[in-house]
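S.K.: Below is the file model-v4.cif, with mmCIF, C-alpha atoms.
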```
data_start
loop_
_atom_site.group_PDB
_atom_site.id
_atom_site.type_symbol
_atom_site.label_atom_id
_atom_site.label_comp_id
_atom_site.auth_asym_id
_atom_site.auth_seq_id
_atom_site.Cartn_x
_atom_site.Cartn_y
_atom_site.Cartn_z
ATOM 1 C CA MET W 1 -12.036 2.630 -10.198
ATOM 2 C CA PRO W 2 -12.677 -0.631 -12.043
ATOM 3 C CA TYR W 3 -12.731 -0.539 -15.830
ATOM 4 C CA SER W 4 -15.680 -2.964 -15.991
ATOM 5 C CA ALA W 5 -18.398 -4.266 -13.695
ATOM 6 C CA LEU W 6 -20.510 -7.356 -13.080
ATOM 7 C CA ALA W 7 -23.235 -5.875 -15.311
ATOM 8 C CA ASP W 8 -20.741 -5.733 -18.193
ATOM 9 C CA LEU W 9 -19.816 -9.387 -17.734
ATOM 10 C CA VAL W 10 -23.480 -10.437 -17.734
ATOM 11 C CA LYS W 11 -23.774 -8.887 -21.195
ATOM 12 C CA VAL W 12 -21.191 -11.276 -22.653
ATOM 13 C CA ILE W 13 -21.763 -14.511 -20.733
ATOM 14 C CA ASP W 14 -24.911 -16.158 -19.432
ATOM 15 C CA GLU W 15 -25.690 -15.400 -15.785
ATOM 16 C CA ARG W 16 -26.026 -19.111 -15.023
ATOM 17 C CA GLU W 17 -22.522 -19.683 -16.368
ATOM 18 C CA LEU W 18 -21.272 -16.717 -14.346
ATOM 19 C CA ILE W 19 -22.751 -18.268 -11.199
ATOM 20 C CA GLN W 20 -20.897 -21.521 -11.912
ATOM 21 C CA LEU W 21 -17.610 -19.784 -12.700
ATOM 22 C CA SER W 22 -17.648 -17.483 -9.684
ATOM 23 C CA ASN W 23 -18.663 -20.021 -7.027
ATOM 24 C CA ASP W 24 -16.819 -22.951 -5.533
ATOM 25 C CA ASP W 25 -20.104 -24.387 -4.263
ATOM 26 C CA THR W 26 -21.818 -26.260 -7.116
ATOM 27 C CA SER W 27 -25.258 -25.702 -5.574
ATOM 28 C CA ALA W 28 -24.897 -21.884 -5.517
ATOM 29 C CA THR W 29 -27.745 -19.875 -7.002
ATOM 30 C CA ALA W 30 -26.181 -16.400 -6.998
ATOM 31 C CA VAL W 31 -23.034 -14.867 -8.426
ATOM 32 C CA ASN W 32 -20.129 -14.677 -5.988
ATOM 33 C CA ALA W 33 -19.464 -10.943 -6.214
ATOM 34 C CA VAL W 34 -16.135 -11.215 -4.380
ATOM 35 C CA ASN W 35 -14.679 -13.635 -6.935
ATOM 36 C CA VAL W 36 -16.022 -11.563 -9.839
ATOM 37 C CA ALA W 37 -14.534 -8.397 -8.337
ATOM 38 C CA GLN W 38 -11.181 -10.175 -7.969
ATOM 39 C CA ALA W 39 -11.270 -11.308 -11.602
ATOM 40 C CA ILE W 40 -11.981 -7.725 -12.691
ATOM 41 C CA THR W 41 -9.248 -6.340 -10.411
ATOM 42 C CA ASP W 42 -6.721 -8.803 -11.839
ATOM 43 C CA ALA W 43 -7.762 -7.834 -15.379
ATOM 44 C CA ASP W 44 -7.491 -4.122 -14.607
ATOM 45 C CA ASN W 45 -4.078 -4.550 -12.976
ATOM 46 C CA LEU W 46 -2.841 -6.253 -16.144
ATOM 47 C CA ILE W 47 -4.242 -3.420 -18.268
ATOM 48 C CA ASP W 48 -2.573 -0.831 -16.026
ATOM 49 C CA GLY W 49 0.708 -2.711 -16.301
ATOM 50 C CA TYR W 50 0.653 -2.441 -20.068
ATOM 51 C CA VAL W 51 -0.472 1.187 -20.404
ATOM 52 C CA SER W 52 1.092 2.821 -17.335
ATOM 53 C CA GLY W 53 4.134 4.101 -19.223
ATOM 54 C CA ARG W 54 1.982 5.819 -21.833
ATOM 55 C CA TYR W 55 -1.127 7.040 -19.986
ATOM 56 C CA SER W 56 -1.954 8.608 -16.635
ATOM 57 C CA LEU W 57 -3.708 6.144 -14.370
ATOM 58 C CA PRO W 58 -6.442 5.424 -13.580
ATOM 59 C CA LEU W 59 -7.949 5.875 -17.026
ATOM 60 C CA ALA W 60 -10.948 8.123 -16.482
ATOM 61 C CA PRO W 61 -13.326 8.244 -18.142
ATOM 62 C CA VAL W 62 -12.886 4.610 -19.108
ATOM 63 C CA PRO W 63 -12.461 4.302 -22.883
ATOM 64 C CA GLY W 64 -14.771 1.753 -24.521
ATOM 65 C CA LEU W 65 -11.839 -0.328 -25.776
ATOM 66 C CA ILE W 66 -10.406 -0.585 -22.259
ATOM 67 C CA LYS W 67 -13.807 -1.673 -20.913
ATOM 68 C CA LYS W 68 -14.016 -4.409 -23.556
ATOM 69 C CA ILE W 69 -10.493 -5.604 -22.774
ATOM 70 C CA SER W 70 -11.288 -5.606 -19.047
ATOM 71 C CA VAL W 71 -14.404 -7.719 -19.640
ATOM 72 C CA ASP W 72 -12.548 -10.192 -21.870
ATOM 73 C CA LEU W 73 -9.711 -10.563 -19.363
ATOM 74 C CA ALA W 74 -12.099 -10.889 -16.401
ATOM 75 C CA VAL W 75 -14.086 -13.648 -18.141
ATOM 76 C CA TYR W 76 -10.810 -15.427 -18.892
ATOM 77 C CA ASN W 77 -9.776 -15.050 -15.242
ATOM 78 C CA LEU W 78 -13.057 -16.589 -14.093
ATOM 79 C CA TRP W 79 -12.590 -19.535 -16.436
ATOM 80 C CA ALA W 80 -8.997 -19.906 -15.221
ATOM 81 C CA ARG W 81 -10.387 -20.489 -11.717
ATOM 82 C CA ARG W 82 -11.798 -23.762 -13.095
ATOM 83 C CA ARG W 83 -8.517 -25.440 -13.902
ATOM 84 C CA ARG W 84 -10.219 -28.805 -14.365
ATOM 85 C CA ALA W 85 -12.699 -27.471 -16.904
ATOM 86 C CA GLU W 86 -11.638 -27.088 -20.517
ATOM 87 C CA MET W 87 -11.674 -23.427 -21.447
ATOM 88 C CA PRO W 88 -13.730 -22.633 -24.558
ATOM 89 C CA GLU W 89 -11.688 -21.651 -27.595
ATOM 90 C CA GLY W 90 -13.587 -18.372 -27.932
ATOM 91 C CA ILE W 91 -12.566 -17.305 -24.416
ATOM 92 C CA GLU W 92 -8.912 -18.105 -25.133
ATOM 93 C CA ASN W 93 -9.051 -16.214 -28.437
ATOM 94 C CA SER W 94 -10.615 -13.171 -26.739
ATOM 95 C CA TYR W 95 -7.830 -13.256 -24.141
ATOM 96 C CA LYS W 96 -5.099 -13.462 -26.802
ATOM 97 C CA ASN W 97 -6.682 -10.623 -28.774
ATOM 98 C CA ALA W 98 -6.913 -8.483 -25.635
ATOM 99 C CA ILE W 99 -3.216 -9.013 -24.922
ATOM 100 C CA LYS W 100 -2.330 -8.118 -28.521
ATOM 101 C CA LEU W 101 -4.329 -4.898 -28.221
ATOM 102 C CA LEU W 102 -2.572 -4.032 -24.970
ATOM 103 C CA GLU W 103 0.823 -4.672 -26.556
ATOM 104 C CA ARG W 104 -0.075 -2.367 -29.448
ATOM 105 C CA MET W 105 -1.192 0.313 -26.996
ATOM 106 C CA GLN W 106 2.075 -0.057 -25.127
ATOM 107 C CA GLU W 107 3.998 0.379 -28.408
ATOM 108 C CA GLY W 108 1.910 3.409 -29.353
ATOM 109 C CA LYS W 109 0.386 1.732 -32.405
ATOM 110 C CA ILE W 110 -3.090 2.045 -30.917
ATOM 111 C CA LEU W 111 -3.877 5.253 -29.086
ATOM 112 C CA LEU W 112 -6.734 5.967 -26.759
ATOM 113 C CA SER W 113 -8.608 9.252 -26.982
ATOM 114 C CA ALA W 114 -6.480 12.402 -26.956
ATOM 115 C CA THR W 115 -7.827 13.340 -23.524
ATOM 116 C CA GLN W 116 -6.031 10.311 -22.086
ATOM 117 C CA ILE W 117 -2.599 11.164 -23.503
ATOM 118 C CA PRO W 118 -0.290 13.051 -21.147
ATOM 119 C CA SER W 119 1.146 16.248 -22.597
ATOM 120 C CA GLY W 120 4.138 15.742 -24.863
ATOM 121 C CA ASN W 121 3.543 12.090 -25.729
ATOM 122 C CA GLU W 122 1.664 12.541 -28.971
ATOM 123 C CA ALA W 123 4.418 14.660 -30.513
ATOM 124 C CA SER W 124 7.435 12.752 -29.272
ATOM 125 C CA GLY W 125 6.025 9.237 -29.412
ATOM 126 C CA GLY W 126 7.926 8.669 -26.183
ATOM 127 C CA LEU W 127 6.895 7.301 -22.849
ATOM 128 C CA GLY W 128 6.835 10.573 -20.934
ATOM 129 C CA ASP W 129 8.048 14.134 -20.807
ATOM 130 C CA MET W 130 11.675 14.681 -21.740
ATOM 131 C CA ARG W 131 13.558 17.531 -20.134
ATOM 132 C CA VAL W 132 17.022 18.726 -21.081
ATOM 133 C CA ASN W 133 19.325 20.653 -18.775
ATOM 134 C CA LYS W 134 22.001 21.574 -21.355
ATOM 135 C CA THR W 135 22.473 24.901 -23.122
ATOM 136 C CA ALA W 136 24.726 26.204 -25.891
ATOM 137 C CA ALA W 137 27.120 27.522 -23.200
ATOM 138 C CA ASP W 138 27.696 23.944 -21.968
ATOM 139 C CA ARG W 139 29.288 22.847 -25.276
ATOM 140 C CA VAL W 140 32.830 21.530 -25.057
ATOM 141 C CA PHE W 141 33.402 21.650 -28.799
ATOM 142 C CA ASN W 142 32.187 25.049 -29.956
ATOM 143 C CA LYS W 143 32.514 26.616 -33.414
ATOM 144 C CA ASP W 144 35.817 28.362 -32.659
ATOM 145 C CA LEU W 145 37.489 25.219 -31.368
ATOM 146 C CA MET W 146 36.283 23.157 -34.319
ATOM 147 C CA GLU W 147 37.698 25.683 -36.845
ATOM 148 C CA LYS W 148 41.209 25.033 -35.503
ATOM 149 C CA PHE W 149 41.140 21.501 -36.874
#
```
Translate this structure into structure tokens?
M.R.:
Amino acid sequence: MPYSALADLVKVIDERELIQLSNDDTSATAVNAVNVAQAITDADNLIDGYVSGRYSLPLAPVPGLIKKISVDLAVYNLWARRRRAEMPEGIENSYKNAIKLLERMQEGKILLSATQIPSGNEASGGLGDMRVNKTAADRVFNKDLMEKF
């Protein structure tokens, strides 16, 4: 399930610009949905790579912050298709901010809603459930042995 859609991208960039970014044919009059879908997929794969150790995937329902990051990364990916064109500074800044947010999520400094957190993570701050297979009977140095020293 994608974290964003074409309709979300149209909200942040002009449709005419989206047509130009998604098509290789300069005379195109419609958005190339395949290229937009690929840009979104690449963005979502990057998001999953950052948060996979902390959250169960896919993130459902999609948190608003994840949708925003997906849109920002997808727009950046579409601009990156145009290697000859100079990328606007605002697009680059949005990309850098999205990566910083993902890094903070990965570190646990920014948490998504509690419904997204697998059991045990919020208390331990770890990256998954920790299980121990040792008991008091497994001790090599017990109280009696230590008193002999």
S.K.: Quick one, how far is CA of Leu111 in chain W from CA of Ile66 in chain W?
M.R.: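 CA of Leu111 in chain W sits 11.1 Å away from CA of Ile66 in chain W.
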S.K.: Step by step, work through what the PyMOL selection byres ((chain W and resi 34) around 12) selects in the shown file, and finish by giving those residues as JSON, numbers by chain.
M.R.: {"W": [5, 6, 19, 22, 23, 24, 30, 31, 32, 33, 35, 36, 37, 38, 39, 40, 41, 78]}
S.K.: Please provide the set of residues having any atom within 9 Å of Met1 in chain W, restricted to all atoms listed in the file, with same-chain residues fewer than 3 positions apart removed, written as a list in words.
M.R.: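 After dropping sequence-adjacent residues, the list is Ser4, Pro58, Leu59 and Ala60 of chain W.
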S.K.: Identify, on the basis of only C-alpha atoms, every residue whose closest approach to Met105 in chain W does not exceed 12 Å; exclude the query and any residue fewer than 2 positions from it along the same chain; express the result as a count of residues only.
M.R.: 28
S.K.: Could you expand the PyMOL selection byres ((chain W and resi 95) around 9) into the explicit residues it covers here, written as a PyMOL selection string?
M.R.: chain W and resi 69+72-73+75-76+90-94+96-100
S.K.: Go through W:Val140, W:Ala85, W:Met146, W:Ala7 one by one, measure the shortest atom-to-atom distance of each to Gln20 in chain W using all atoms listed in the file, and give the residue with the smallest value.
M.R.: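 For Gln20 in chain W, the nearest of the candidates is W:Ala85.
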S.K.: Which residue out of W:Ser56, W:Glu86, W:Ala74, W:Thr29 has the minimum interatomic distance to Arg16 in chain W when all atoms listed in the file are used?
M.R.: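 Distance minimum relative to Arg16 in chain W lands on W:Thr29.
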S.K.: Around all listed atoms of range 56-64 of chain W, padded 4 Å per side, what centre and edge lengths does the axis-aligned box have in Å to one decimal, as lines of an AutoDock Vina configuration file?
M.R.:
```
center_x = -8.4
center_y = 5.2
center_z = -19.1
size_x = 20.8
size_y = 14.9
size_z = 18.9
```
S.K.: One decimal, Å: what's the distance from CA of Ile13 in chain W over to CA of Leu57 in chain W, could you say?
M.R.: 28.2 Å
S.K.: To one decimal in Å, tell me the separation between CA of Asn45 in chain W and CA of Gln106 in chain W.
M.R.: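 For CA of Asn45 in chain W relative to CA of Gln106 in chain W, the distance reads 14.3 Å.
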S.K.: Nearest residue to Glu17 in chain W out of W:Lys148, W:Lys67, W:Arg104, W:Arg82, using only C-alpha atoms?
M.R.: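 Using only C-alpha atoms, the shortest distance to Glu17 in chain W belongs to W:Arg82.
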S.K.: Please determine, counting all atoms listed in the file, which residue among W:Val62, W:Leu145, W:Thr135, W:Met87 has the shortest atom-to-atom distance to Pro2 in chain W.
M.R.: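 Smallest separation from Pro2 in chain W among the options: W:Val62.
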S.K.: Which is closest to Asp44 in chain W among W:Lys11, W:Lys68, W:Asp25, W:Tyr3, if we use all atoms listed in the file?
M.R.: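 The closest residue to Asp44 in chain W is W:Tyr3.
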S.K.: Output: range 6-91 of chain W of the preceding structure, restricted to C-alpha atoms, written as a tab-separated table (two decimals), in the first residue's frame.
M.R.:
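As written to disk, decode09.tsv reads:
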```tsv
chain	number	residue	atom	x	y	z
W	6	LEU	CA	-0.86	11.20	-7.33
W	7	ALA	CA	-3.64	13.31	-5.78
W	8	ASP	CA	-1.33	14.13	-2.86
W	9	LEU	CA	1.44	15.25	-5.20
W	10	VAL	CA	-0.95	17.51	-7.13
W	11	LYS	CA	-1.63	19.33	-3.86
W	12	VAL	CA	2.01	20.39	-3.51
W	13	ILE	CA	3.14	20.96	-7.10
W	14	ASP	CA	1.35	22.35	-10.13
W	15	GLU	CA	-0.17	19.71	-12.41
W	16	ARG	CA	1.56	21.24	-15.43
W	17	GLU	CA	4.91	20.85	-13.68
W	18	LEU	CA	3.99	17.29	-12.73
W	19	ILE	CA	3.27	16.53	-16.39
W	20	GLN	CA	6.72	17.84	-17.36
W	21	LEU	CA	8.50	15.97	-14.58
W	22	SER	CA	6.79	12.64	-15.18
W	23	ASN	CA	7.07	12.52	-18.98
W	24	ASP	CA	10.05	12.09	-21.26
W	25	ASP	CA	8.03	13.47	-24.17
W	26	THR	CA	8.06	17.28	-24.00
W	27	SER	CA	4.75	17.51	-25.88
W	28	ALA	CA	2.87	15.33	-23.35
W	29	THR	CA	-0.40	16.69	-22.01
W	30	ALA	CA	-1.10	14.16	-19.25
W	31	VAL	CA	0.76	12.92	-16.21
W	32	ASN	CA	2.71	9.71	-16.77
W	33	ALA	CA	1.16	7.63	-13.99
W	34	VAL	CA	3.80	4.89	-14.28
W	35	ASN	CA	6.68	7.29	-13.58
W	36	VAL	CA	4.77	8.93	-10.72
W	37	ALA	CA	3.99	5.52	-9.21
W	38	GLN	CA	7.69	4.60	-9.46
W	39	ALA	CA	8.71	7.83	-7.72
W	40	ILE	CA	6.24	7.10	-4.92
W	41	THR	CA	7.39	3.47	-4.66
W	42	ASP	CA	11.02	4.57	-4.39
W	43	ALA	CA	10.07	7.10	-1.70
W	44	ASP	CA	8.08	4.50	0.25
W	45	ASN	CA	10.90	1.95	0.02
W	46	LEU	CA	13.27	4.52	1.53
W	47	ILE	CA	10.79	5.24	4.32
W	48	ASP	CA	10.39	1.51	5.02
W	49	GLY	CA	14.17	1.14	5.12
W	50	TYR	CA	14.44	3.72	7.86
W	51	VAL	CA	11.51	2.62	10.04
W	52	SER	CA	11.47	-1.15	9.51
W	53	GLY	CA	13.45	-1.89	12.67
W	54	ARG	CA	11.05	0.10	14.83
W	55	TYR	CA	7.60	-0.39	13.28
W	56	SER	CA	5.62	-3.21	11.71
W	57	LEU	CA	5.30	-2.74	7.97
W	58	PRO	CA	3.39	-1.65	6.03
W	59	LEU	CA	2.34	1.30	8.17
W	60	ALA	CA	-1.45	1.16	8.21
W	61	PRO	CA	-3.24	3.40	8.61
W	62	VAL	CA	-0.70	5.76	7.09
W	63	PRO	CA	0.29	8.43	9.63
W	64	GLY	CA	0.07	12.00	8.33
W	65	LEU	CA	3.79	12.59	8.86
W	66	ILE	CA	4.66	9.53	6.77
W	67	LYS	CA	2.34	10.73	3.99
W	68	LYS	CA	4.06	14.13	3.97
W	69	ILE	CA	7.51	12.53	3.87
W	70	SER	CA	6.39	10.23	1.04
W	71	VAL	CA	5.13	13.21	-0.97
W	72	ASP	CA	8.33	15.21	-0.39
W	73	LEU	CA	10.53	12.27	-1.38
W	74	ALA	CA	8.40	11.44	-4.44
W	75	VAL	CA	8.57	15.05	-5.70
W	76	TYR	CA	12.34	14.96	-5.20
W	77	ASN	CA	12.51	11.67	-7.11
W	78	LEU	CA	10.57	13.18	-10.01
W	79	TRP	CA	12.91	16.16	-10.13
W	80	ALA	CA	15.90	13.79	-9.98
W	81	ARG	CA	14.66	12.23	-13.23
W	82	ARG	CA	15.54	15.57	-14.87
W	83	ARG	CA	19.26	15.47	-14.27
W	84	ARG	CA	19.85	18.34	-16.69
W	85	ALA	CA	17.39	20.63	-14.94
W	86	GLU	CA	18.49	22.53	-11.86
W	87	MET	CA	16.50	21.32	-8.88
W	88	PRO	CA	14.76	24.11	-6.94
W	89	GLU	CA	16.25	24.82	-3.53
W	90	GLY	CA	12.88	24.26	-1.84
W	91	ILE	CA	12.67	20.71	-3.22
```
